[in-house]
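Text of protein05.cif, listed as mmCIF, C-alpha atoms and all ligand atoms; chains and numbers go by the auth columns:
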data_data
loop_
_atom_site.group_PDB
_atom_site.id
_atom_site.type_symbol
_atom_site.label_atom_id
_atom_site.label_comp_id
_atom_site.label_asym_id
_atom_site.label_seq_id
_atom_site.Cartn_x
_atom_site.Cartn_y
_atom_site.Cartn_z
_atom_site.B_iso_or_equiv
_atom_site.auth_seq_id
_atom_site.auth_asym_id
ATOM 1 C CA MET A 1 -5.490 -21.854 -5.524 0.00 190 A
ATOM 2 C CA ASP A 2 -3.050 -20.729 -2.839 0.00 191 A
ATOM 3 C CA LYS A 3 -3.221 -16.996 -2.090 0.00 192 A
ATOM 4 C CA ASN A 4 0.536 -16.569 -2.423 0.00 193 A
ATOM 5 C CA ALA A 5 0.485 -18.129 -5.876 0.00 194 A
ATOM 6 C CA MET A 6 -2.139 -15.551 -6.930 0.00 195 A
ATOM 7 C CA LYS A 7 -0.064 -12.713 -5.443 0.00 196 A
ATOM 8 C CA LYS A 8 3.047 -13.948 -7.253 0.00 197 A
ATOM 9 C CA MET A 9 1.168 -14.210 -10.550 0.00 198 A
ATOM 10 C CA ALA A 10 -0.057 -10.597 -10.305 0.00 199 A
ATOM 11 C CA ALA A 11 3.364 -9.380 -9.162 0.00 200 A
ATOM 12 C CA GLU A 12 5.199 -11.033 -12.044 0.00 201 A
ATOM 13 C CA ARG A 13 2.781 -9.620 -14.613 0.00 202 A
ATOM 14 C CA SER A 14 3.063 -6.092 -13.185 0.00 203 A
ATOM 15 C CA VAL A 15 6.741 -5.733 -14.069 0.00 204 A
ATOM 16 C CA ASP A 16 5.731 -5.819 -17.757 0.00 205 A
ATOM 17 C CA TYR A 17 4.630 -2.194 -17.201 0.00 206 A
ATOM 18 C CA VAL A 18 8.191 -1.115 -16.397 0.00 207 A
ATOM 19 C CA GLU A 19 10.155 0.643 -19.135 0.00 208 A
ATOM 20 C CA ASP A 20 13.821 1.563 -19.372 0.00 209 A
ATOM 21 C CA ASN A 21 14.833 4.870 -17.684 0.00 210 A
ATOM 22 C CA MET A 22 11.696 5.073 -15.561 0.00 211 A
ATOM 23 C CA ILE A 23 11.545 6.534 -12.095 0.00 212 A
ATOM 24 C CA LEU A 24 9.607 3.822 -10.344 0.00 213 A
ATOM 25 C CA GLY A 25 7.805 3.730 -6.990 0.00 214 A
ATOM 26 C CA LEU A 26 8.037 0.421 -5.142 0.00 215 A
ATOM 27 C CA GLY A 27 5.315 -0.405 -2.611 0.00 216 A
ATOM 28 C CA THR A 28 5.474 -2.583 0.473 0.00 217 A
ATOM 29 C CA GLY A 29 4.187 -6.010 1.485 0.00 218 A
ATOM 30 C CA SER A 30 4.348 -9.678 0.625 0.00 219 A
ATOM 31 C CA THR A 31 3.049 -9.173 -2.932 0.00 220 A
ATOM 32 C CA VAL A 32 5.604 -6.434 -3.508 0.00 221 A
ATOM 33 C CA VAL A 33 8.369 -8.808 -2.392 0.00 222 A
ATOM 34 C CA TYR A 34 7.500 -11.015 -5.398 0.00 223 A
ATOM 35 C CA MET A 35 7.353 -7.947 -7.657 0.00 224 A
ATOM 36 C CA VAL A 36 10.799 -6.704 -6.569 0.00 225 A
ATOM 37 C CA GLU A 37 12.238 -10.182 -7.217 0.00 226 A
ATOM 38 C CA ALA A 38 10.755 -10.200 -10.734 0.00 227 A
ATOM 39 C CA LEU A 39 11.904 -6.630 -11.322 0.00 228 A
ATOM 40 C CA ALA A 40 15.469 -7.453 -10.323 0.00 229 A
ATOM 41 C CA LYS A 41 15.475 -10.282 -12.864 0.00 230 A
ATOM 42 C CA ARG A 42 14.340 -7.914 -15.641 0.00 231 A
ATOM 43 C CA VAL A 43 16.870 -5.239 -14.632 0.00 232 A
ATOM 44 C CA LYS A 44 19.655 -7.784 -14.865 0.00 233 A
ATOM 45 C CA ALA A 45 18.513 -9.554 -18.027 0.00 234 A
ATOM 46 C CA GLU A 46 17.752 -6.365 -19.979 0.00 235 A
ATOM 47 C CA ASN A 47 20.271 -4.019 -18.325 0.00 236 A
ATOM 48 C CA LEU A 48 17.433 -1.589 -17.473 0.00 237 A
ATOM 49 C CA HIS A 49 18.336 1.820 -16.066 0.00 238 A
ATOM 50 C CA LEU A 50 15.833 2.550 -13.327 0.00 239 A
ATOM 51 C CA THR A 51 15.630 4.870 -10.361 0.00 240 A
ATOM 52 C CA CYS A 52 13.443 3.400 -7.630 0.00 241 A
ATOM 53 C CA VAL A 53 11.768 5.162 -4.720 0.00 242 A
ATOM 54 C CA CYS A 54 10.762 2.802 -1.931 0.00 243 A
ATOM 55 C CA THR A 55 7.816 3.113 0.430 0.00 244 A
ATOM 56 C CA SER A 56 9.476 1.393 3.381 0.00 245 A
ATOM 57 C CA ILE A 57 12.818 0.446 4.855 0.00 246 A
ATOM 58 C CA ARG A 58 11.927 -3.222 4.158 0.00 247 A
ATOM 59 C CA THR A 59 11.438 -2.659 0.437 0.00 248 A
ATOM 60 C CA ALA A 60 14.532 -0.454 0.182 0.00 249 A
ATOM 61 C CA GLU A 61 16.616 -3.194 1.807 0.00 250 A
ATOM 62 C CA GLN A 62 15.273 -5.852 -0.549 0.00 251 A
ATOM 63 C CA ALA A 63 15.738 -3.693 -3.662 0.00 252 A
ATOM 64 C CA THR A 64 19.275 -2.693 -2.685 0.00 253 A
ATOM 65 C CA SER A 65 20.232 -6.278 -1.913 0.00 254 A
ATOM 66 C CA LEU A 66 19.104 -7.278 -5.416 0.00 255 A
ATOM 67 C CA GLY A 67 21.094 -4.521 -7.118 0.00 256 A
ATOM 68 C CA ILE A 68 18.157 -2.193 -7.867 0.00 257 A
ATOM 69 C CA PRO A 69 19.202 1.474 -7.534 0.00 258 A
ATOM 70 C CA VAL A 70 17.230 3.306 -4.832 0.00 259 A
ATOM 71 C CA LYS A 71 16.726 7.018 -4.168 0.00 260 A
ATOM 72 C CA ALA A 72 14.788 8.899 -1.491 0.00 261 A
ATOM 73 C CA LEU A 73 11.518 10.598 -2.440 0.00 262 A
ATOM 74 C CA ASN A 74 13.184 13.980 -1.815 0.00 263 A
ATOM 75 C CA GLU A 75 15.815 13.212 -4.464 0.00 264 A
ATOM 76 C CA VAL A 76 13.444 12.838 -7.434 0.00 265 A
ATOM 77 C CA ASP A 77 11.287 15.448 -9.179 0.00 266 A
ATOM 78 C CA HIS A 78 8.599 12.994 -10.303 0.00 267 A
ATOM 79 C CA ILE A 79 7.704 9.301 -10.350 0.00 268 A
ATOM 80 C CA ASP A 80 6.510 7.706 -13.606 0.00 269 A
ATOM 81 C CA LEU A 81 4.863 4.616 -12.195 0.00 270 A
ATOM 82 C CA THR A 82 4.303 3.054 -8.784 0.00 271 A
ATOM 83 C CA ILE A 83 3.540 -0.617 -8.263 0.00 272 A
ATOM 84 C CA ASP A 84 2.124 -1.469 -4.839 0.00 273 A
ATOM 85 C CA GLY A 85 -0.056 -4.017 -3.097 0.00 274 A
ATOM 86 C CA ALA A 86 -3.412 -3.264 -1.470 0.00 275 A
ATOM 87 C CA ASP A 87 -5.571 -4.787 1.238 0.00 276 A
ATOM 88 C CA GLU A 88 -8.948 -4.249 -0.433 0.00 277 A
ATOM 89 C CA VAL A 89 -10.231 -2.613 -3.599 0.00 278 A
ATOM 90 C CA ASP A 90 -13.840 -2.117 -4.688 0.00 279 A
ATOM 91 C CA ASP A 91 -15.620 -1.751 -8.051 0.00 280 A
ATOM 92 C CA ASN A 92 -15.057 2.003 -7.981 0.00 281 A
ATOM 93 C CA PHE A 93 -11.309 1.494 -7.495 0.00 282 A
ATOM 94 C CA GLN A 94 -11.358 2.825 -3.937 0.00 283 A
ATOM 95 C CA GLY A 95 -9.023 0.946 -1.668 0.00 284 A
ATOM 96 C CA ILE A 96 -7.648 0.268 1.759 0.00 285 A
ATOM 97 C CA LYS A 97 -3.905 0.052 2.308 0.00 286 A
ATOM 98 C CA GLY A 98 -1.652 -0.021 5.343 0.00 287 A
ATOM 99 C CA GLY A 99 -1.825 -3.645 6.396 0.00 288 A
ATOM 100 C CA GLY A 100 1.957 -3.426 6.493 0.00 289 A
ATOM 101 C CA ALA A 101 1.842 -0.065 8.330 0.00 290 A
ATOM 102 C CA ALA A 102 3.490 1.683 5.384 0.00 291 A
ATOM 103 C CA HIS A 103 0.502 3.710 4.153 0.00 292 A
ATOM 104 C CA LEU A 104 1.982 7.131 4.959 0.00 293 A
ATOM 105 C CA PHE A 105 5.013 6.641 2.713 0.00 294 A
ATOM 106 C CA GLU A 106 2.872 4.703 0.222 0.00 295 A
ATOM 107 C CA LYS A 107 0.420 7.581 -0.104 0.00 296 A
ATOM 108 C CA LEU A 108 3.226 10.123 -0.482 0.00 297 A
ATOM 109 C CA VAL A 109 4.778 8.058 -3.257 0.00 298 A
ATOM 110 C CA ALA A 110 1.402 7.296 -4.899 0.00 299 A
ATOM 111 C CA THR A 111 0.358 10.944 -4.993 0.00 300 A
ATOM 112 C CA THR A 112 3.712 11.883 -6.555 0.00 301 A
ATOM 113 C CA SER A 113 3.359 9.175 -9.183 0.00 302 A
ATOM 114 C CA THR A 114 1.890 9.756 -12.650 0.00 303 A
ATOM 115 C CA ARG A 115 0.440 6.225 -12.703 0.00 304 A
ATOM 116 C CA ASN A 116 -0.379 3.750 -9.955 0.00 305 A
ATOM 117 C CA ILE A 117 -0.804 0.009 -10.327 0.00 306 A
ATOM 118 C CA TRP A 118 -1.926 -2.310 -7.543 0.00 307 A
ATOM 119 C CA ILE A 119 -1.152 -5.998 -7.458 0.00 308 A
ATOM 120 C CA VAL A 120 -3.578 -8.175 -5.513 0.00 309 A
ATOM 121 C CA ASP A 121 -4.998 -11.659 -5.229 0.00 310 A
ATOM 122 C CA GLU A 122 -8.664 -11.929 -6.212 0.00 311 A
ATOM 123 C CA GLU A 123 -9.911 -12.220 -2.616 0.00 312 A
ATOM 124 C CA LYS A 124 -9.039 -8.558 -2.129 0.00 313 A
ATOM 125 C CA VAL A 125 -11.456 -7.366 -4.808 0.00 314 A
ATOM 126 C CA VAL A 126 -14.670 -6.631 -2.889 0.00 315 A
ATOM 127 C CA ASP A 127 -18.084 -5.006 -3.350 0.00 316 A
ATOM 128 C CA THR A 128 -17.650 -2.660 -0.401 0.00 317 A
ATOM 129 C CA ILE A 129 -14.394 -1.897 1.383 0.00 318 A
ATOM 130 C CA GLY A 130 -14.163 -2.049 5.162 0.00 319 A
ATOM 131 C CA ARG A 131 -13.986 -5.670 6.154 0.00 320 A
ATOM 132 C CA PHE A 132 -10.215 -5.206 6.297 0.00 321 A
ATOM 133 C CA PRO A 133 -9.547 -3.015 9.364 0.00 322 A
ATOM 134 C CA LEU A 134 -8.753 0.539 8.263 0.00 323 A
ATOM 135 C CA PRO A 135 -5.264 1.577 9.437 0.00 324 A
ATOM 136 C CA VAL A 136 -4.808 5.063 10.878 0.00 325 A
ATOM 137 C CA GLU A 137 -1.294 6.297 11.666 0.00 326 A
ATOM 138 C CA VAL A 138 -1.200 8.535 14.747 0.00 327 A
ATOM 139 C CA ILE A 139 1.610 10.282 16.586 0.00 328 A
ATOM 140 C CA PRO A 140 2.375 8.601 19.929 0.00 329 A
ATOM 141 C CA PHE A 141 1.860 11.849 21.905 0.00 330 A
ATOM 142 C CA GLY A 142 -1.776 11.787 22.986 0.00 331 A
ATOM 143 C CA SER A 143 -2.640 8.754 20.884 0.00 332 A
ATOM 144 C CA GLN A 144 -4.913 7.507 23.686 0.00 333 A
ATOM 145 C CA GLN A 145 -7.011 10.668 23.276 0.00 334 A
ATOM 146 C CA VAL A 146 -7.353 10.050 19.548 0.00 335 A
ATOM 147 C CA PHE A 147 -8.271 6.428 20.319 0.00 336 A
ATOM 148 C CA ASN A 148 -10.941 7.607 22.831 0.00 337 A
ATOM 149 C CA LYS A 149 -12.433 9.896 20.206 0.00 338 A
ATOM 150 C CA PHE A 150 -12.650 6.999 17.753 0.00 339 A
ATOM 151 C CA VAL A 151 -14.456 4.958 20.442 0.00 340 A
ATOM 152 C CA LYS A 152 -16.921 7.812 20.983 0.00 341 A
ATOM 153 C CA GLU A 153 -17.603 7.938 17.237 0.00 342 A
ATOM 154 C CA GLY A 154 -18.313 4.178 17.177 0.00 343 A
ATOM 155 C CA LEU A 155 -15.325 3.395 14.964 0.00 344 A
ATOM 156 C CA ASN A 156 -14.224 0.268 16.891 0.00 345 A
ATOM 157 C CA PRO A 157 -10.553 1.183 17.199 0.00 346 A
ATOM 158 C CA GLU A 158 -7.743 -1.153 18.197 0.00 347 A
ATOM 159 C CA PHE A 159 -4.088 -0.252 18.658 0.00 348 A
ATOM 160 C CA ARG A 160 -1.999 -2.480 16.401 0.00 349 A
ATOM 161 C CA THR A 161 0.433 -4.529 18.474 0.00 350 A
ATOM 162 C CA THR A 162 3.210 -7.010 17.862 0.00 351 A
ATOM 163 C CA GLU A 163 2.993 -10.644 19.012 0.00 352 A
ATOM 164 C CA ASP A 164 4.642 -9.692 22.306 0.00 353 A
ATOM 165 C CA GLY A 165 2.092 -6.937 22.946 0.00 354 A
ATOM 166 C CA GLN A 166 4.216 -3.917 22.005 0.00 355 A
ATOM 167 C CA ARG A 167 2.603 -1.190 19.915 0.00 356 A
ATOM 168 C CA VAL A 168 3.570 -1.461 16.267 0.00 357 A
ATOM 169 C CA LEU A 169 5.636 1.536 15.170 0.00 358 A
ATOM 170 C CA THR A 170 5.801 2.735 11.575 0.00 359 A
ATOM 171 C CA ASP A 171 9.027 3.727 9.795 0.00 360 A
ATOM 172 C CA SER A 172 8.268 7.247 11.088 0.00 361 A
ATOM 173 C CA LYS A 173 7.980 5.895 14.660 0.00 362 A
ATOM 174 C CA ASN A 174 4.254 6.543 14.832 0.00 363 A
ATOM 175 C CA GLU A 175 1.563 4.188 16.153 0.00 364 A
ATOM 176 C CA VAL A 176 -1.229 2.525 14.172 0.00 365 A
ATOM 177 C CA ILE A 177 -4.874 2.346 15.214 0.00 366 A
ATOM 178 C CA ASP A 178 -6.968 -0.095 13.157 0.00 367 A
ATOM 179 C CA LEU A 179 -10.661 0.722 12.761 0.00 368 A
ATOM 180 C CA HIS A 180 -12.930 -2.348 12.605 0.00 369 A
ATOM 181 C CA LEU A 181 -15.753 -1.011 10.474 0.00 370 A
ATOM 182 C CA GLU A 182 -16.904 -4.006 8.385 0.00 371 A
ATOM 183 C CA LYS A 183 -18.378 -1.706 5.690 0.00 372 A
ATOM 184 C CA ILE A 184 -17.293 1.754 4.590 0.00 373 A
ATOM 185 C CA THR A 185 -20.225 3.108 2.609 0.00 374 A
ATOM 186 C CA HIS A 186 -19.035 6.742 2.401 0.00 375 A
ATOM 187 C CA PRO A 187 -15.251 6.523 2.052 0.00 376 A
ATOM 188 C CA HIS A 188 -14.733 10.164 1.005 0.00 377 A
ATOM 189 C CA LEU A 189 -16.630 11.486 4.047 0.00 378 A
ATOM 190 C CA LEU A 190 -14.688 9.219 6.382 0.00 379 A
ATOM 191 C CA ALA A 191 -11.378 10.184 4.747 0.00 380 A
ATOM 192 C CA THR A 192 -12.120 13.877 5.200 0.00 381 A
ATOM 193 C CA TRP A 193 -13.145 13.409 8.832 0.00 382 A
ATOM 194 C CA LEU A 194 -10.055 11.360 9.659 0.00 383 A
ATOM 195 C CA SER A 195 -7.743 13.877 7.988 0.00 384 A
ATOM 196 C CA GLU A 196 -9.225 16.622 10.170 0.00 385 A
ATOM 197 C CA GLN A 197 -8.440 14.866 13.447 0.00 386 A
ATOM 198 C CA VAL A 198 -5.487 16.314 15.340 0.00 387 A
ATOM 199 C CA GLY A 199 -2.862 13.629 15.936 0.00 388 A
ATOM 200 C CA VAL A 200 -3.793 11.645 12.836 0.00 389 A
ATOM 201 C CA VAL A 201 -0.849 11.585 10.444 0.00 390 A
ATOM 202 C CA GLU A 202 -2.453 9.561 7.635 0.00 391 A
ATOM 203 C CA HIS A 203 -5.172 6.982 7.080 0.00 392 A
ATOM 204 C CA GLY A 204 -5.290 3.972 4.803 0.00 393 A
ATOM 205 C CA LEU A 205 -8.131 5.072 2.529 0.00 394 A
ATOM 206 C CA PHE A 206 -6.601 5.397 -0.952 0.00 395 A
ATOM 207 C CA LEU A 207 -9.337 7.081 -2.953 0.00 396 A
ATOM 208 C CA ASP A 208 -9.255 7.934 -6.665 0.00 397 A
ATOM 209 C CA LEU A 209 -5.583 7.035 -6.790 0.00 398 A
ATOM 210 C CA VAL A 210 -5.160 3.759 -8.640 0.00 399 A
ATOM 211 C CA ASN A 211 -5.144 3.499 -12.440 0.00 400 A
ATOM 212 C CA GLU A 212 -5.012 -0.272 -12.910 0.00 401 A
ATOM 213 C CA VAL A 213 -5.352 -3.285 -10.675 0.00 402 A
ATOM 214 C CA VAL A 214 -3.543 -6.475 -11.654 0.00 403 A
ATOM 215 C CA VAL A 215 -5.432 -9.365 -10.086 0.00 404 A
ATOM 216 C CA GLY A 216 -4.062 -12.874 -9.647 0.00 405 A
ATOM 217 C CA SER A 217 -6.804 -15.522 -9.790 0.00 406 A
ATOM 218 C CA PRO A 218 -7.159 -19.266 -10.433 0.00 407 A
ATOM 219 C CA GLU A 219 -8.259 -18.373 -13.979 0.00 408 A
ATOM 220 C CA GLY A 220 -5.080 -16.358 -14.559 0.00 409 A
ATOM 221 C CA VAL A 221 -4.247 -12.655 -14.388 0.00 410 A
ATOM 222 C CA LYS A 222 -7.064 -10.126 -14.787 0.00 411 A
ATOM 223 C CA ILE A 223 -6.452 -6.439 -15.448 0.00 412 A
ATOM 224 C CA LEU A 224 -8.989 -3.944 -14.092 0.00 413 A
ATOM 225 C CA LYS A 225 -8.650 -0.461 -15.599 0.00 414 A
ATOM 226 C CA ALA A 226 -9.910 2.553 -13.718 0.00 415 A
ATOM 227 C CA ARG A 227 -8.728 5.389 -15.979 0.00 416 A
HETATM 228 O O1 LIG B . -0.525 -1.410 2.198 0.00 1 B
HETATM 229 C C1 LIG B . 0.354 -2.209 2.348 0.00 1 B
HETATM 230 C C2 LIG B . 1.456 -2.034 3.324 0.00 1 B
HETATM 231 O O2 LIG B . 1.242 -0.911 4.125 0.00 1 B
HETATM 232 C C3 LIG B . 0.370 -3.462 1.529 0.00 1 B
HETATM 233 O O3 LIG B . 0.479 -3.114 0.199 0.00 1 B
HETATM 234 C C4 LIG B . -0.886 -4.230 1.783 0.00 1 B
HETATM 235 O O4 LIG B . -0.996 -4.451 3.164 0.00 1 B
HETATM 236 C C5 LIG B . -0.878 -5.559 1.024 0.00 1 B
HETATM 237 O O5 LIG B . 0.055 -6.405 1.606 0.00 1 B
HETATM 238 P P1 LIG B . 0.303 -7.884 1.106 0.00 1 B
HETATM 239 O O6 LIG B . 0.833 -7.784 -0.278 0.00 1 B
HETATM 240 O O7 LIG B . 1.310 -8.436 2.090 0.00 1 B
HETATM 241 O O8 LIG B . -1.003 -8.643 1.163 0.00 1 B
#
Please re-express this file's structure in structure tokens.
Amino acid sequence: MDKNAMKKMAAERSVDYVEDNMILGLGTGSTVVYMVEALAKRVKAENLHLTCVCTSIRTAEQATSLGIPVKALNEVDHIDLTIDGADEVDDNFQGIKGGGAAHLFEKLVATTSTRNIWIVDEEKVVDTIGRFPLPVEVIPFGSQQVFNKFVKEGLNPEFRTTEDGQRVLTDSKNEVIDLHLEKITHPHLLATWLSEQVGVVEHGLFLDLVNEVVVGSPEGVKILKAR
């Protein structure tokens, strides 16, 4: 089955979790695009009153264009539920995010949210995370020094670049270094170490954050419950 069909299936199911009057976090990425489309349909059909907090300019533009009301994270006092994509998730519900370079805003929204749901295709459910390169957002000032330190630590870093060779910049105008690790066997240790590095703004390890994962697969939608 086509990967996009699996993403769409998970995305469409995830909007069943949305209830009237919720403050809702909206993630970022191609799976989230399907979710926002499905959400807009429900909002219209059922006249739902939602307040949505978006994790990227892209998602905010899509939501606004479809008539979904959007507020900034600073304008809300809590978030009831956040629906987001992910790049990898393991059996212990530890994940990697940031393939769309939005992990800083995504983590801020996720940690403000009472519940977090991820929507993925089944290829993203793995035994051990790390095959997907781990994104690390760094400030541009001195980013080469941070990169050099990652090299020294054997973390196989690579600056993320656009097709024309420019460094990718996040919505906060920071750079992204992807770590090619293949397997992350001690995610909490790595997360702590990365957070301690000067110049690192945020990394893409999302640990102990997700409550449910909605998985699109050729057999249909599967729901994995963490807590
Ligand atoms: O973390 C993310 C963006 O920073 C995305 O949620 C993640 O990359 C999944 O993207 P997609 O749905 O396009 O596969």
* To do: Check what the PyMOL selection byres (((not hetatm)) within 8 of (chain B and resi 1)) selects in the file above and give those residues as an NGL selection string.
  => :A and (196 or 216-222 or 273-276 or 285-292 or 295 or 308-309 or 393)
Writer output for current selection, C-alpha atoms, as a PDB file, keeping the file's coordinate frame:
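New file result-v3.pdb:
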ATOM      1  CA  LYS A 196      -0.064 -12.713  -5.443  1.00  0.00           C
ATOM      2  CA  GLY A 216       5.315  -0.405  -2.611  1.00  0.00           C
ATOM      3  CA  THR A 217       5.474  -2.583   0.473  1.00  0.00           C
ATOM      4  CA  GLY A 218       4.187  -6.010   1.485  1.00  0.00           C
ATOM      5  CA  SER A 219       4.348  -9.678   0.625  1.00  0.00           C
ATOM      6  CA  THR A 220       3.049  -9.173  -2.932  1.00  0.00           C
ATOM      7  CA  VAL A 221       5.604  -6.434  -3.508  1.00  0.00           C
ATOM      8  CA  VAL A 222       8.369  -8.808  -2.392  1.00  0.00           C
ATOM      9  CA  ASP A 273       2.124  -1.469  -4.839  1.00  0.00           C
ATOM     10  CA  GLY A 274      -0.056  -4.017  -3.097  1.00  0.00           C
ATOM     11  CA  ALA A 275      -3.412  -3.264  -1.470  1.00  0.00           C
ATOM     12  CA  ASP A 276      -5.571  -4.787   1.238  1.00  0.00           C
ATOM     13  CA  ILE A 285      -7.648   0.268   1.759  1.00  0.00           C
ATOM     14  CA  LYS A 286      -3.905   0.052   2.308  1.00  0.00           C
ATOM     15  CA  GLY A 287      -1.652  -0.021   5.343  1.00  0.00           C
ATOM     16  CA  GLY A 288      -1.825  -3.645   6.396  1.00  0.00           C
ATOM     17  CA  GLY A 289       1.957  -3.426   6.493  1.00  0.00           C
ATOM     18  CA  ALA A 290       1.842  -0.065   8.330  1.00  0.00           C
ATOM     19  CA  ALA A 291       3.490   1.683   5.384  1.00  0.00           C
ATOM     20  CA  HIS A 292       0.502   3.710   4.153  1.00  0.00           C
ATOM     21  CA  GLU A 295       2.872   4.703   0.222  1.00  0.00           C
ATOM     22  CA  ILE A 308      -1.152  -5.998  -7.458  1.00  0.00           C
ATOM     23  CA  VAL A 309      -3.578  -8.175  -5.513  1.00  0.00           C
ATOM     24  CA  GLY A 393      -5.290   3.972   4.803  1.00  0.00           C
TER      25      GLY A 393
END
* What's the 12 Å shell around Ala299 of chain A, counting all atoms listed in the file, without same-chain residues fewer than 6 positions away, as a VMD selection string? -> chain A and resid 213 to 217 242 to 244 262 267 to 274 286 291 to 293 305 to 307 395 to 400
* **Pairwise distance for atom CA of Leu323 of chain A and atom CA of Glu201 of chain A, rounded to one decimal in Å** =>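 So the two atoms, atom CA of Leu323 of chain A and atom CA of Glu201 of chain A, lie 27.2 Å apart.
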* Asked: For the atom pair atom CA of Ser384 of chain A and atom CA of Val327 of chain A, what is the interatomic distance in Å to one decimal place?
  -> 10.8 Å
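Residue membership of the PyMOL selection byres (((chain A and resi 231) around 12) and not hetatm) in the shown file amounts to A:Glu201, A:Arg202, A:Ser203, A:Val204, A:Asp205, A:Tyr206, A:Val207, A:Glu208, A:Asp209, A:Met224, A:Val225, A:Glu226, A:Ala227, A:Leu228, A:Ala229, A:Lys230, A:Val232, A:Lys233, A:Ala234, A:Glu235, A:Asn236, A:Leu237, A:His238, A:Leu239, A:Leu255, A:Gly256, A:Ile257.
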* Please provide as number ranges by chain all residues within 8 Å of Gly405 of chain A, with the sequence filter that same-chain residues fewer than 5 positions apart are discarded (counting only C-alpha atoms). => A: 194-199, 308-311, 410-411
* the PyMOL selection byres (((chain A and resi 278) around 7) and not hetatm) resolved against shown file, as an MDAnalysis selection string -> chainID A and resid 277 279 282:285 313:315 318
* Asked: So how many Å separate atom CA of Gly343 of chain A and atom CA of Leu368 of chain A, to one decimal?
  -> 9.5 Å
Just segment 225-239 of chain A, please, as a compact mmCIF listing (two decimals), in the first residue's frame (only N, CA and C atoms).
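Saved file out-v1.txt follows:
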# COMPACT_ATOMS: atom_id res chain seq x y z
N VAL A 225 -5.33 18.15 8.96
CA VAL A 225 -5.94 19.49 8.98
C VAL A 225 -7.09 19.55 7.97
N GLU A 226 -6.91 18.89 6.84
CA GLU A 226 -8.02 18.84 5.84
C GLU A 226 -9.25 18.16 6.45
N ALA A 227 -9.02 17.02 7.11
CA ALA A 227 -10.13 16.27 7.71
C ALA A 227 -10.76 17.06 8.85
N LEU A 228 -9.91 17.76 9.61
CA LEU A 228 -10.41 18.57 10.72
C LEU A 228 -11.30 19.70 10.21
N ALA A 229 -10.87 20.34 9.16
CA ALA A 229 -11.64 21.46 8.59
C ALA A 229 -13.02 20.98 8.16
N LYS A 230 -13.07 19.76 7.61
CA LYS A 230 -14.37 19.21 7.21
C LYS A 230 -15.28 19.03 8.41
N ARG A 231 -14.71 18.49 9.51
CA ARG A 231 -15.52 18.27 10.73
C ARG A 231 -15.98 19.60 11.32
N VAL A 232 -15.08 20.58 11.35
CA VAL A 232 -15.41 21.90 11.91
C VAL A 232 -16.60 22.47 11.18
N LYS A 233 -16.56 22.35 9.86
CA LYS A 233 -17.63 22.91 9.03
C LYS A 233 -18.94 22.12 9.21
N ALA A 234 -18.83 20.81 9.10
CA ALA A 234 -20.04 19.97 9.14
C ALA A 234 -20.73 20.03 10.49
N GLU A 235 -19.92 20.12 11.58
CA GLU A 235 -20.52 20.03 12.93
C GLU A 235 -20.49 21.36 13.66
N ASN A 236 -20.05 22.41 12.96
CA ASN A 236 -19.94 23.75 13.56
C ASN A 236 -19.17 23.70 14.88
N LEU A 237 -18.02 23.03 14.88
CA LEU A 237 -17.21 22.89 16.10
C LEU A 237 -16.55 24.21 16.44
N HIS A 238 -16.46 24.49 17.75
CA HIS A 238 -15.75 25.69 18.21
C HIS A 238 -14.40 25.25 18.76
N LEU A 239 -13.36 25.49 17.98
CA LEU A 239 -12.02 25.06 18.39
C LEU A 239 -11.10 26.27 18.45
